[in-house]
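Next comes start.txt, a file with compact mmCIF, C-alpha atoms and all ligand atoms.
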# COMPACT_ATOMS: atom_id res chain seq x y z
CA MET A 129 -130.27 9.95 16.46
CA THR A 130 -131.17 7.54 19.31
CA ALA A 131 -133.89 5.87 17.25
CA ALA A 132 -131.40 5.08 14.47
CA LEU A 133 -128.90 3.34 16.76
CA SER A 134 -128.35 -0.37 16.15
CA ASN A 135 -127.48 -2.71 19.04
CA LEU A 136 -123.90 -2.68 17.80
CA ASP A 137 -123.86 1.15 17.88
CA ARG A 138 -125.18 1.08 21.44
CA GLN A 139 -122.49 -1.37 22.46
CA LEU A 140 -119.81 0.77 20.82
CA VAL A 141 -121.02 3.94 22.55
CA ARG A 142 -121.04 2.14 25.90
CA GLU A 143 -117.53 0.75 25.37
CA LYS A 144 -116.18 4.18 24.38
CA ILE A 145 -117.82 5.84 27.40
CA LEU A 146 -116.36 3.18 29.72
CA GLU A 147 -112.95 3.67 28.10
CA LYS A 148 -113.11 7.46 28.43
CA TYR A 149 -114.24 7.50 32.07
CA ALA A 150 -111.67 4.89 33.12
CA ARG A 151 -109.15 7.48 31.83
CA VAL A 152 -110.95 10.44 33.45
CA ALA A 153 -110.99 8.58 36.81
CA VAL A 154 -107.18 8.63 36.79
CA THR A 155 -106.55 12.11 35.34
CA PRO A 156 -109.58 14.35 34.75
CA ALA A 157 -107.52 17.40 33.72
CA GLY A 158 -107.53 18.04 29.97
CA CYS A 159 -110.33 15.54 29.18
CA PHE A 160 -113.09 18.13 28.70
CA GLN A 161 -113.87 21.21 26.62
CA TYR A 162 -115.30 23.10 29.62
CA PRO A 163 -113.85 24.09 33.03
CA THR A 164 -113.68 21.21 35.51
CA GLY A 165 -112.28 20.80 39.03
CA VAL A 166 -112.26 23.85 41.34
CA GLU A 167 -112.45 26.21 38.35
CA GLY A 168 -115.73 24.58 37.25
CA ILE A 169 -117.11 24.42 40.81
CA ARG A 170 -116.50 28.16 41.29
CA ALA A 171 -117.77 29.14 37.83
CA LEU A 172 -121.01 27.20 38.39
CA GLY A 173 -121.73 28.96 41.68
CA TYR A 174 -121.55 26.09 44.19
CA GLU A 175 -121.67 27.67 47.67
CA GLU A 176 -118.18 27.60 49.10
CA GLU A 177 -119.32 26.48 52.56
CA TRP A 178 -120.51 23.18 51.01
CA TRP A 179 -117.09 22.13 49.77
CA GLN A 180 -114.29 24.32 51.16
CA ASP A 181 -112.97 21.56 53.45
CA PHE A 182 -113.11 18.83 50.77
CA PRO A 183 -109.66 17.39 49.89
CA ALA A 184 -108.11 18.65 46.65
CA GLU A 185 -108.50 15.27 44.91
CA VAL A 186 -112.29 15.41 45.44
CA LEU A 187 -112.50 18.92 43.98
CA ASN A 188 -110.13 18.17 41.10
CA SER A 189 -112.24 15.22 39.95
CA PHE A 190 -115.43 17.27 39.44
CA CYS A 191 -116.48 17.20 35.76
CA GLY A 192 -120.09 18.34 35.92
CA VAL A 193 -121.56 20.74 33.36
CA GLY A 194 -123.92 22.67 35.66
CA ASN A 195 -125.01 23.11 39.26
CA PRO A 196 -128.03 20.92 40.07
CA PHE A 197 -128.26 22.51 43.55
CA SER A 198 -129.20 25.81 41.88
CA LEU A 199 -132.48 24.15 40.81
CA GLY A 200 -133.79 23.28 44.27
CA GLN A 201 -132.76 22.61 47.85
CA ILE A 202 -131.94 19.38 49.61
CA HIS A 203 -133.36 19.29 53.12
CA PRO A 204 -132.02 17.53 56.23
CA GLY A 205 -133.16 13.91 56.42
CA GLU A 206 -133.84 13.52 52.68
CA LYS A 207 -132.85 10.58 50.49
CA VAL A 208 -130.95 11.45 47.33
CA VAL A 209 -129.80 9.52 44.25
CA ASP A 210 -126.96 10.97 42.14
CA VAL A 211 -127.21 9.43 38.66
CA GLY A 212 -123.80 9.24 36.97
CA CYS A 213 -122.09 10.41 40.15
CA GLY A 214 -118.57 10.23 38.69
CA ALA A 215 -115.98 10.61 41.45
CA GLY A 216 -118.67 11.75 43.88
CA PHE A 217 -118.48 15.54 44.32
CA ASP A 218 -122.25 16.24 44.01
CA ALA A 219 -123.18 13.18 46.09
CA LEU A 220 -120.83 14.32 48.85
CA VAL A 221 -122.32 17.84 48.75
CA ALA A 222 -125.81 16.27 48.89
CA ALA A 223 -124.74 14.14 51.89
CA ARG A 224 -123.63 17.26 53.70
CA LEU A 225 -126.97 19.00 52.99
CA ALA A 226 -129.08 15.92 53.88
CA GLY A 227 -127.19 15.60 57.19
CA SER A 228 -126.86 12.68 59.56
CA GLU A 229 -130.49 11.58 59.08
CA GLY A 230 -130.30 11.73 55.29
CA GLU A 231 -129.07 9.09 52.86
CA VAL A 232 -127.34 9.35 49.47
CA VAL A 233 -126.73 6.76 46.76
CA GLY A 234 -124.35 7.59 43.92
CA VAL A 235 -124.57 5.39 40.82
CA ASP A 236 -122.11 5.30 37.93
CA LEU A 237 -121.55 3.15 34.86
CA SER A 238 -117.77 3.24 35.27
CA PRO A 239 -116.34 0.92 37.96
CA GLU A 240 -113.21 3.11 38.06
CA MET A 241 -115.32 6.18 38.84
CA VAL A 242 -117.17 4.31 41.58
CA GLY A 243 -113.79 3.30 43.05
CA ARG A 244 -112.69 6.95 43.08
CA ALA A 245 -115.96 8.04 44.70
CA GLN A 246 -115.58 5.38 47.43
CA ALA A 247 -112.02 6.55 48.12
CA HIS A 248 -113.27 10.15 48.36
CA GLN A 249 -116.04 9.12 50.72
CA ALA A 250 -113.49 7.39 52.95
CA ALA A 251 -111.19 10.44 52.88
CA LEU A 252 -114.08 12.64 54.04
CA ALA A 253 -115.47 10.06 56.48
CA ALA A 254 -118.89 10.89 55.02
CA GLY A 255 -121.59 8.70 56.55
CA ARG A 256 -124.80 7.47 54.92
CA VAL A 257 -123.43 7.68 51.37
CA ARG A 258 -123.08 4.60 49.17
CA PHE A 259 -121.51 4.46 45.73
CA LEU A 260 -122.70 1.67 43.45
CA ALA A 261 -121.83 0.55 39.93
CA GLY A 262 -124.95 0.72 37.78
CA GLU A 263 -126.70 2.40 34.89
CA ALA A 264 -129.05 5.34 34.58
CA GLU A 265 -131.27 3.01 32.52
CA ALA A 266 -131.55 0.44 35.37
CA LEU A 267 -130.88 2.15 38.71
CA PRO A 268 -130.02 -0.18 41.63
CA VAL A 269 -132.53 1.65 43.83
CA PRO A 270 -136.03 0.57 44.98
CA ASP A 271 -139.24 2.15 43.68
CA ALA A 272 -140.29 5.43 45.35
CA TRP A 273 -137.15 5.56 47.55
CA ALA A 274 -135.79 9.04 46.80
CA ASP A 275 -136.91 12.55 47.70
CA VAL A 276 -134.45 13.90 45.12
CA VAL A 277 -132.76 12.54 42.02
CA LEU A 278 -129.89 14.72 40.91
CA SER A 279 -127.61 14.36 37.93
CA ASN A 280 -124.87 16.39 36.30
CA GLY A 281 -123.65 15.90 32.74
CA VAL A 282 -124.90 12.33 32.33
CA TYR A 283 -128.22 11.99 30.44
CA ASN A 284 -126.58 13.35 27.28
CA LEU A 285 -124.42 10.21 27.38
CA THR A 286 -127.25 7.70 27.79
CA VAL A 287 -128.26 5.83 24.65
CA ASP A 288 -131.88 5.39 25.78
CA LYS A 289 -132.87 8.72 27.31
CA GLU A 290 -136.55 7.86 27.70
CA LYS A 291 -135.70 4.68 29.63
CA ALA A 292 -133.23 6.58 31.83
CA LEU A 293 -135.78 9.29 32.64
CA ARG A 294 -138.43 6.66 33.40
CA GLU A 295 -135.98 5.13 35.87
CA ALA A 296 -135.51 8.49 37.60
CA TYR A 297 -139.30 8.75 37.85
CA ARG A 298 -139.57 5.18 39.19
CA VAL A 299 -137.14 5.74 42.07
CA LEU A 300 -138.65 9.11 43.08
CA LYS A 301 -141.33 9.28 45.75
CA PRO A 302 -144.58 10.90 44.62
CA GLY A 303 -143.83 14.63 44.69
CA GLY A 304 -140.06 13.99 44.58
CA ARG A 305 -137.76 16.38 42.70
CA LEU A 306 -135.47 15.87 39.71
CA LEU A 307 -132.50 18.31 39.75
CA LEU A 308 -130.87 17.77 36.41
CA ALA A 309 -127.99 19.68 34.84
CA ASP A 310 -126.90 18.68 31.37
CA MET A 311 -125.78 19.72 27.92
CA VAL A 312 -128.30 20.10 25.12
CA LEU A 313 -127.98 20.82 21.43
CA VAL A 314 -129.36 24.27 20.67
CA ARG A 315 -129.21 23.81 16.90
CA PRO A 316 -128.81 20.80 14.59
CA LEU A 317 -125.29 19.49 14.13
CA PRO A 318 -123.67 20.01 10.71
CA PRO A 319 -124.50 16.98 8.52
CA GLU A 320 -120.90 15.71 8.51
CA GLN A 321 -121.01 15.48 12.34
CA ALA A 322 -124.61 14.42 12.90
CA ASP A 323 -124.04 10.69 12.34
CA ARG A 324 -120.74 10.36 14.15
CA LEU A 325 -120.91 8.04 17.12
CA ASP A 326 -117.85 9.65 18.67
CA ASN A 327 -119.92 12.81 19.27
CA TRP A 328 -121.26 10.85 22.22
CA HIS A 329 -118.06 10.80 24.20
CA ARG A 330 -115.75 13.51 22.88
C1 LIG B 401 -119.30 14.29 32.61
S1 LIG B 401 -119.13 13.03 33.83
C2 LIG B 401 -119.97 13.77 35.20
C3 LIG B 401 -119.64 13.10 36.51
C4 LIG B 401 -120.26 13.75 37.75
N1 LIG B 401 -121.68 13.83 37.65
C5 LIG B 401 -119.66 15.10 38.03
O1 LIG B 401 -120.42 16.09 37.99
O2 LIG B 401 -118.45 15.20 38.28
C6 LIG B 401 -120.31 11.81 33.25
C7 LIG B 401 -120.42 10.56 34.14
O3 LIG B 401 -121.54 9.79 33.70
C8 LIG B 401 -121.21 8.43 33.75
N2 LIG B 401 -122.14 7.72 32.84
C9 LIG B 401 -122.16 7.75 31.48
N3 LIG B 401 -123.20 7.04 31.01
C10 LIG B 401 -123.84 6.54 32.09
C11 LIG B 401 -125.00 5.72 32.26
N4 LIG B 401 -125.68 5.26 31.21
N5 LIG B 401 -125.39 5.40 33.51
C12 LIG B 401 -124.69 5.85 34.59
N6 LIG B 401 -123.59 6.63 34.50
C13 LIG B 401 -123.18 6.98 33.27
C14 LIG B 401 -119.75 8.39 33.35
O4 LIG B 401 -119.11 7.19 33.76
C15 LIG B 401 -119.21 9.63 34.07
O5 LIG B 401 -118.76 9.33 35.38

Can I see the file as structure tokens?
Ligand SMILES: C[S@@+](CC[C@H](N)C(=O)[O-])C[C@H]1O[C@@H](n2cnc3c(N)ncnc32)[C@H](O)[C@@H]1O
Amino acid sequence: MTAALSNLDRQLVREKILEKYARVAVTPAGCFQYPTGVEGIRALGYEEEWWQDFPAEVLNSFCGVGNPFSLGQIHPGEKVVDVGCGAGFDALVAARLAGSEGEVVGVDLSPEMVGRAQAHQAALAAGRVRFLAGEAEALPVPDAWADVVLSNGVYNLTVDKEKALREAYRVLKPGGRLLLADMVLVRPLPPEQADRLDNWHR
């Protein structure tokens, strides 16, 4: 479907995503068709020691679809980019794993989400984490900066997936790791749904 998108379609998808995540930043509960918040964190097998002392508002704002940390480890001192960081849960877990010598940058399209993530960072007094407004398709990160790019529930929302994945590759060091959790279609959509732009952000 990406190839068939006009510029107007792309703009509409982007506007709808911004609209939805401005809403989610205020009240995530009830916005998704899968478990979010602590229920999602537990169901996806995040190790409790990583997050048990996080404030409730940090946990409640989690809306990832998988557990990127189940795909590989983050080591002390590593640099990590969280693409589509939302309100910051994964980035804050990564900061804990990377430790005082590590560095984490969370990037999100939605300024409201970035604001939430910054508030969560302040509440946790987490050092060496920055949250920036930006797009998966044009990451505000230098070439070959990151040991790890992680992402959770975001690439399905990007209108140019190839460009977004090239960006992840650009910011990774040679030999860096991409830990990516996302939703995929396992069979074609019924014809009456296949062309609907609102499938992007439901
Ligand atoms: C399902 S939420 C997941 C948030 C976060 N990763 C988590 O696990 O809680 C999707 C996030 O992707 C962001 N997003 C959507 N399209 C994006 C894009 N093209 N570039 C960067 N972020 C994007 C949304 O603003 C939203 O915060």

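Proximity to Ala253 in chain A was assessed for A:Phe190, A:Tyr283, A:Phe182, A:Tyr297 counting all atoms listed in the file; the smallest distance is recorded for A:Phe182.
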
How close does each residue of range 191-278 of chain A get to range 141-147 of chain A, giving the shortest atom pair and distance in Å to one decimal for every residue with an atom at most 12 Å away, counting only C-alpha atoms, sorted by chain and residue number, as a Markdown table?
| residue | atom | partner | partner_atom | distance |
| --- | --- | --- | --- | --- |
| A:Gly212 | CA | A:Ile145 | CA | 11.8 |
| A:Gly214 | CA | A:Leu146 | CA | 11.6 |
| A:Asp236 | CA | A:Leu146 | CA | 10.2 |
| A:Leu237 | CA | A:Leu146 | CA | 7.3 |
| A:Ser238 | CA | A:Leu146 | CA | 5.7 |
| A:Pro239 | CA | A:Leu146 | CA | 8.5 |
| A:Glu240 | CA | A:Leu146 | CA | 8.9 |
| A:Met241 | CA | A:Leu146 | CA | 9.7 |
| A:Val242 | CA | A:Leu146 | CA | 11.9 |
| A:Ala261 | CA | A:Leu146 | CA | 11.9 |
| A:Glu263 | CA | A:Arg142 | CA | 10.6 |

| task | Report as a PyMOL selection string which protein, DNA and RNA residues come within 9 Å of ligand LIG 401 (chain B), using all atoms listed in the file. | result | chain A and resi 142+145-146+148-150+152-153+160+164-165+189-195+210-219+235-242+261-267+278-289+292+309-310+329

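When only C-alpha atoms are used to compute distances to Asp181 in chain A, the closest of the residues A:Val312, A:Ala132, A:Leu252, A:Val269 turns out to be A:Leu252.
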
| said: Given only C-alpha atoms as the basis, pick out the residue of A:Val276, A:Ala251, A:Glu229, A:Pro319 nearest to Pro183 in chain A. | reply: A:Ala251

| field | Among the residues A:Leu220, A:Arg258, A:Gln246, A:Leu199, the one that comes closest to Leu308 in chain A [using all atoms listed in the file] | value |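 Closest to Leu308 in chain A of all the choices is A:Leu199.
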
| So, counting only C-alpha atoms, which residue among A:Leu325, A:Leu313, A:Trp273, A:Leu225 is closest to Leu300 in chain A? |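 Nearest to Leu300 in chain A: A:Trp273.
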
| Interatomic distance, CA of Ala223 in chain A to CA of Phe197 in chain A (Å, one decimal) | 12.3 Å

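Taking all atoms listed in the file into account, Glu175 in chain A lies nearest to A:Pro196 out of the set A:Pro204, A:Pro196, A:Pro302, A:Pro316.
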
Sphere at (-106.0, 18.7, 38.5), radius 8 Å, counting all atoms listed in the file: residues as a compact mmCIF listing (two decimals) with C-alpha atoms, in the frame of the given file:
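Written out: result10.txt:
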# COMPACT_ATOMS: atom_id res chain seq x y z
CA THR A 155 -106.55 12.11 35.34
CA PRO A 156 -109.58 14.35 34.75
CA ALA A 157 -107.52 17.40 33.72
CA GLY A 165 -112.28 20.80 39.03
CA GLU A 185 -108.50 15.27 44.91
CA ASN A 188 -110.13 18.17 41.10
CA SER A 189 -112.24 15.22 39.95

Step by step: start from the point (-134.3, 11.4, 42.6) in the file's coordinates, keep every protein, DNA or RNA residue that has an atom no farther than 6 Å from it, count only C-alpha atoms, and write the set as a PDB file with C-alpha atoms, in the coordinates of the input.
ATOM      1  CA  VAL A 208    -130.950  11.450  47.330  1.00  0.00           C
ATOM      2  CA  VAL A 209    -129.800   9.520  44.250  1.00  0.00           C
ATOM      3  CA  ALA A 274    -135.790   9.040  46.800  1.00  0.00           C
ATOM      4  CA  ASP A 275    -136.910  12.550  47.700  1.00  0.00           C
ATOM      5  CA  VAL A 276    -134.450  13.900  45.120  1.00  0.00           C
ATOM      6  CA  VAL A 277    -132.760  12.540  42.020  1.00  0.00           C
ATOM      7  CA  LEU A 278    -129.890  14.720  40.910  1.00  0.00           C
ATOM      8  CA  ALA A 296    -135.510   8.490  37.600  1.00  0.00           C
ATOM      9  CA  LEU A 300    -138.650   9.110  43.080  1.00  0.00           C
ATOM     10  CA  LEU A 306    -135.470  15.870  39.710  1.00  0.00           C
TER      11      LEU A 306
END

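Taking CA of Glu206 in chain A and CA of Ala226 in chain A as the two end points, the separation is 5.5 Å.
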
| message | Just to confirm, what's the straight-line distance from CA of Ser134 in chain A to CA of Met311 in chain A in Å (one decimal)? | response |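 Distance reported for this atom pair: 23.4 Å.
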
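Residues within 12 Å of Gly227 in chain A, counting all atoms listed in the file and excluding same-chain residues fewer than 6 positions away, are A:Trp178, A:Ile202, A:His203, A:Pro204, A:Gly205, A:Glu206, A:Lys207, A:Val208, A:Leu220, A:Val221, A:Ala254, A:Gly255, A:Arg256, A:Val257.
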
Please, could N, CA and C atoms be added to range 178-211 of chain A and the result written as an mmCIF file, in the frame of the given file?
data_model
loop_
_atom_site.group_PDB
_atom_site.id
_atom_site.type_symbol
_atom_site.label_atom_id
_atom_site.label_comp_id
_atom_site.auth_asym_id
_atom_site.auth_seq_id
_atom_site.Cartn_x
_atom_site.Cartn_y
_atom_site.Cartn_z
ATOM 1 N N TRP A 178 -120.187 24.597 51.225
ATOM 2 C CA TRP A 178 -120.510 23.180 51.010
ATOM 3 C C TRP A 178 -119.264 22.331 50.775
ATOM 4 N N TRP A 179 -118.195 22.962 50.254
ATOM 5 C CA TRP A 179 -117.090 22.130 49.770
ATOM 6 C C TRP A 179 -115.697 22.609 50.190
ATOM 7 N N GLN A 180 -115.624 23.729 50.938
ATOM 8 C CA GLN A 180 -114.290 24.320 51.160
ATOM 9 C C GLN A 180 -113.334 23.411 51.923
ATOM 10 N N ASP A 181 -113.871 22.455 52.717
ATOM 11 C CA ASP A 181 -112.970 21.560 53.450
ATOM 12 C C ASP A 181 -112.804 20.207 52.740
ATOM 13 N N PHE A 182 -113.317 20.079 51.519
ATOM 14 C CA PHE A 182 -113.110 18.830 50.770
ATOM 15 C C PHE A 182 -111.635 18.736 50.341
ATOM 16 N N PRO A 183 -111.039 17.534 50.372
ATOM 17 C CA PRO A 183 -109.660 17.390 49.890
ATOM 18 C C PRO A 183 -109.532 17.758 48.412
ATOM 19 N N ALA A 184 -108.332 18.195 48.031
ATOM 20 C CA ALA A 184 -108.110 18.650 46.650
ATOM 21 C C ALA A 184 -108.486 17.585 45.634
ATOM 22 N N GLU A 185 -108.220 16.303 45.945
ATOM 23 C CA GLU A 185 -108.500 15.270 44.910
ATOM 24 C C GLU A 185 -110.008 15.138 44.653
ATOM 25 N N VAL A 186 -110.834 15.452 45.656
ATOM 26 C CA VAL A 186 -112.290 15.410 45.440
ATOM 27 C C VAL A 186 -112.694 16.553 44.508
ATOM 28 N N LEU A 187 -112.163 17.739 44.787
ATOM 29 C CA LEU A 187 -112.500 18.920 43.980
ATOM 30 C C LEU A 187 -111.987 18.761 42.551
ATOM 31 N N ASN A 188 -110.751 18.269 42.434
ATOM 32 C CA ASN A 188 -110.130 18.170 41.100
ATOM 33 C C ASN A 188 -110.854 17.187 40.191
ATOM 34 N N SER A 189 -111.597 16.251 40.780
ATOM 35 C CA SER A 189 -112.240 15.220 39.950
ATOM 36 C C SER A 189 -113.641 15.633 39.486
ATOM 37 N N PHE A 190 -114.096 16.823 39.872
ATOM 38 C CA PHE A 190 -115.430 17.270 39.440
ATOM 39 C C PHE A 190 -115.430 17.532 37.930
ATOM 40 N N CYS A 191 -116.378 16.921 37.215
ATOM 41 C CA CYS A 191 -116.480 17.200 35.760
ATOM 42 C C CYS A 191 -117.934 17.404 35.355
ATOM 43 N N GLY A 192 -118.706 18.022 36.245
ATOM 44 C CA GLY A 192 -120.090 18.340 35.920
ATOM 45 C C GLY A 192 -120.179 19.526 34.961
ATOM 46 N N VAL A 193 -121.366 19.677 34.354
ATOM 47 C CA VAL A 193 -121.560 20.740 33.360
ATOM 48 C C VAL A 193 -122.438 21.873 33.891
ATOM 49 N N GLY A 194 -123.028 21.663 35.080
ATOM 50 C CA GLY A 194 -123.920 22.670 35.660
ATOM 51 C C GLY A 194 -123.959 22.476 37.159
ATOM 52 N N ASN A 195 -124.893 23.185 37.800
ATOM 53 C CA ASN A 195 -125.010 23.110 39.260
ATOM 54 C C ASN A 195 -126.431 22.686 39.606
ATOM 55 N N PRO A 196 -126.663 21.382 39.802
ATOM 56 C CA PRO A 196 -128.030 20.920 40.070
ATOM 57 C C PRO A 196 -128.630 21.522 41.341
ATOM 58 N N PHE A 197 -127.767 21.945 42.286
ATOM 59 C CA PHE A 197 -128.260 22.510 43.550
ATOM 60 C C PHE A 197 -128.853 23.908 43.339
ATOM 61 N N SER A 198 -128.592 24.503 42.167
ATOM 62 C CA SER A 198 -129.200 25.810 41.880
ATOM 63 C C SER A 198 -130.672 25.643 41.480
ATOM 64 N N LEU A 199 -131.104 24.400 41.277
ATOM 65 C CA LEU A 199 -132.480 24.150 40.810
ATOM 66 C C LEU A 199 -133.447 23.839 41.952
ATOM 67 N N GLY A 200 -132.918 23.597 43.133
ATOM 68 C CA GLY A 200 -133.790 23.280 44.270
ATOM 69 C C GLY A 200 -132.932 22.862 45.452
ATOM 70 N N GLN A 201 -133.530 22.906 46.628
ATOM 71 C CA GLN A 201 -132.760 22.610 47.850
ATOM 72 C C GLN A 201 -132.870 21.146 48.228
ATOM 73 N N ILE A 202 -131.863 20.688 48.964
ATOM 74 C CA ILE A 202 -131.940 19.380 49.610
ATOM 75 C C ILE A 202 -132.070 19.643 51.105
ATOM 76 N N HIS A 203 -133.063 19.007 51.716
ATOM 77 C CA HIS A 203 -133.360 19.290 53.120
ATOM 78 C C HIS A 203 -132.806 18.188 54.025
ATOM 79 N N PRO A 204 -132.502 18.539 55.288
ATOM 80 C CA PRO A 204 -132.020 17.530 56.230
ATOM 81 C C PRO A 204 -132.969 16.333 56.285
ATOM 82 N N GLY A 205 -132.374 15.145 56.298
ATOM 83 C CA GLY A 205 -133.160 13.910 56.420
ATOM 84 C C GLY A 205 -133.620 13.338 55.095
ATOM 85 N N GLU A 206 -133.332 14.033 53.961
ATOM 86 C CA GLU A 206 -133.840 13.520 52.680
ATOM 87 C C GLU A 206 -132.940 12.423 52.092
ATOM 88 N N LYS A 207 -133.569 11.631 51.214
ATOM 89 C CA LYS A 207 -132.850 10.580 50.490
ATOM 90 C C LYS A 207 -132.613 11.049 49.061
ATOM 91 N N VAL A 208 -131.364 10.874 48.610
ATOM 92 C CA VAL A 208 -130.950 11.450 47.330
ATOM 93 C C VAL A 208 -130.252 10.383 46.480
ATOM 94 N N VAL A 209 -130.546 10.364 45.187
ATOM 95 C CA VAL A 209 -129.800 9.520 44.250
ATOM 96 C C VAL A 209 -129.057 10.435 43.293
ATOM 97 N N ASP A 210 -127.756 10.211 43.123
ATOM 98 C CA ASP A 210 -126.960 10.970 42.140
ATOM 99 C C ASP A 210 -126.681 10.026 40.967
ATOM 100 N N VAL A 211 -127.336 10.304 39.845
ATOM 101 C CA VAL A 211 -127.210 9.430 38.660
ATOM 102 C C VAL A 211 -125.979 9.854 37.856
#
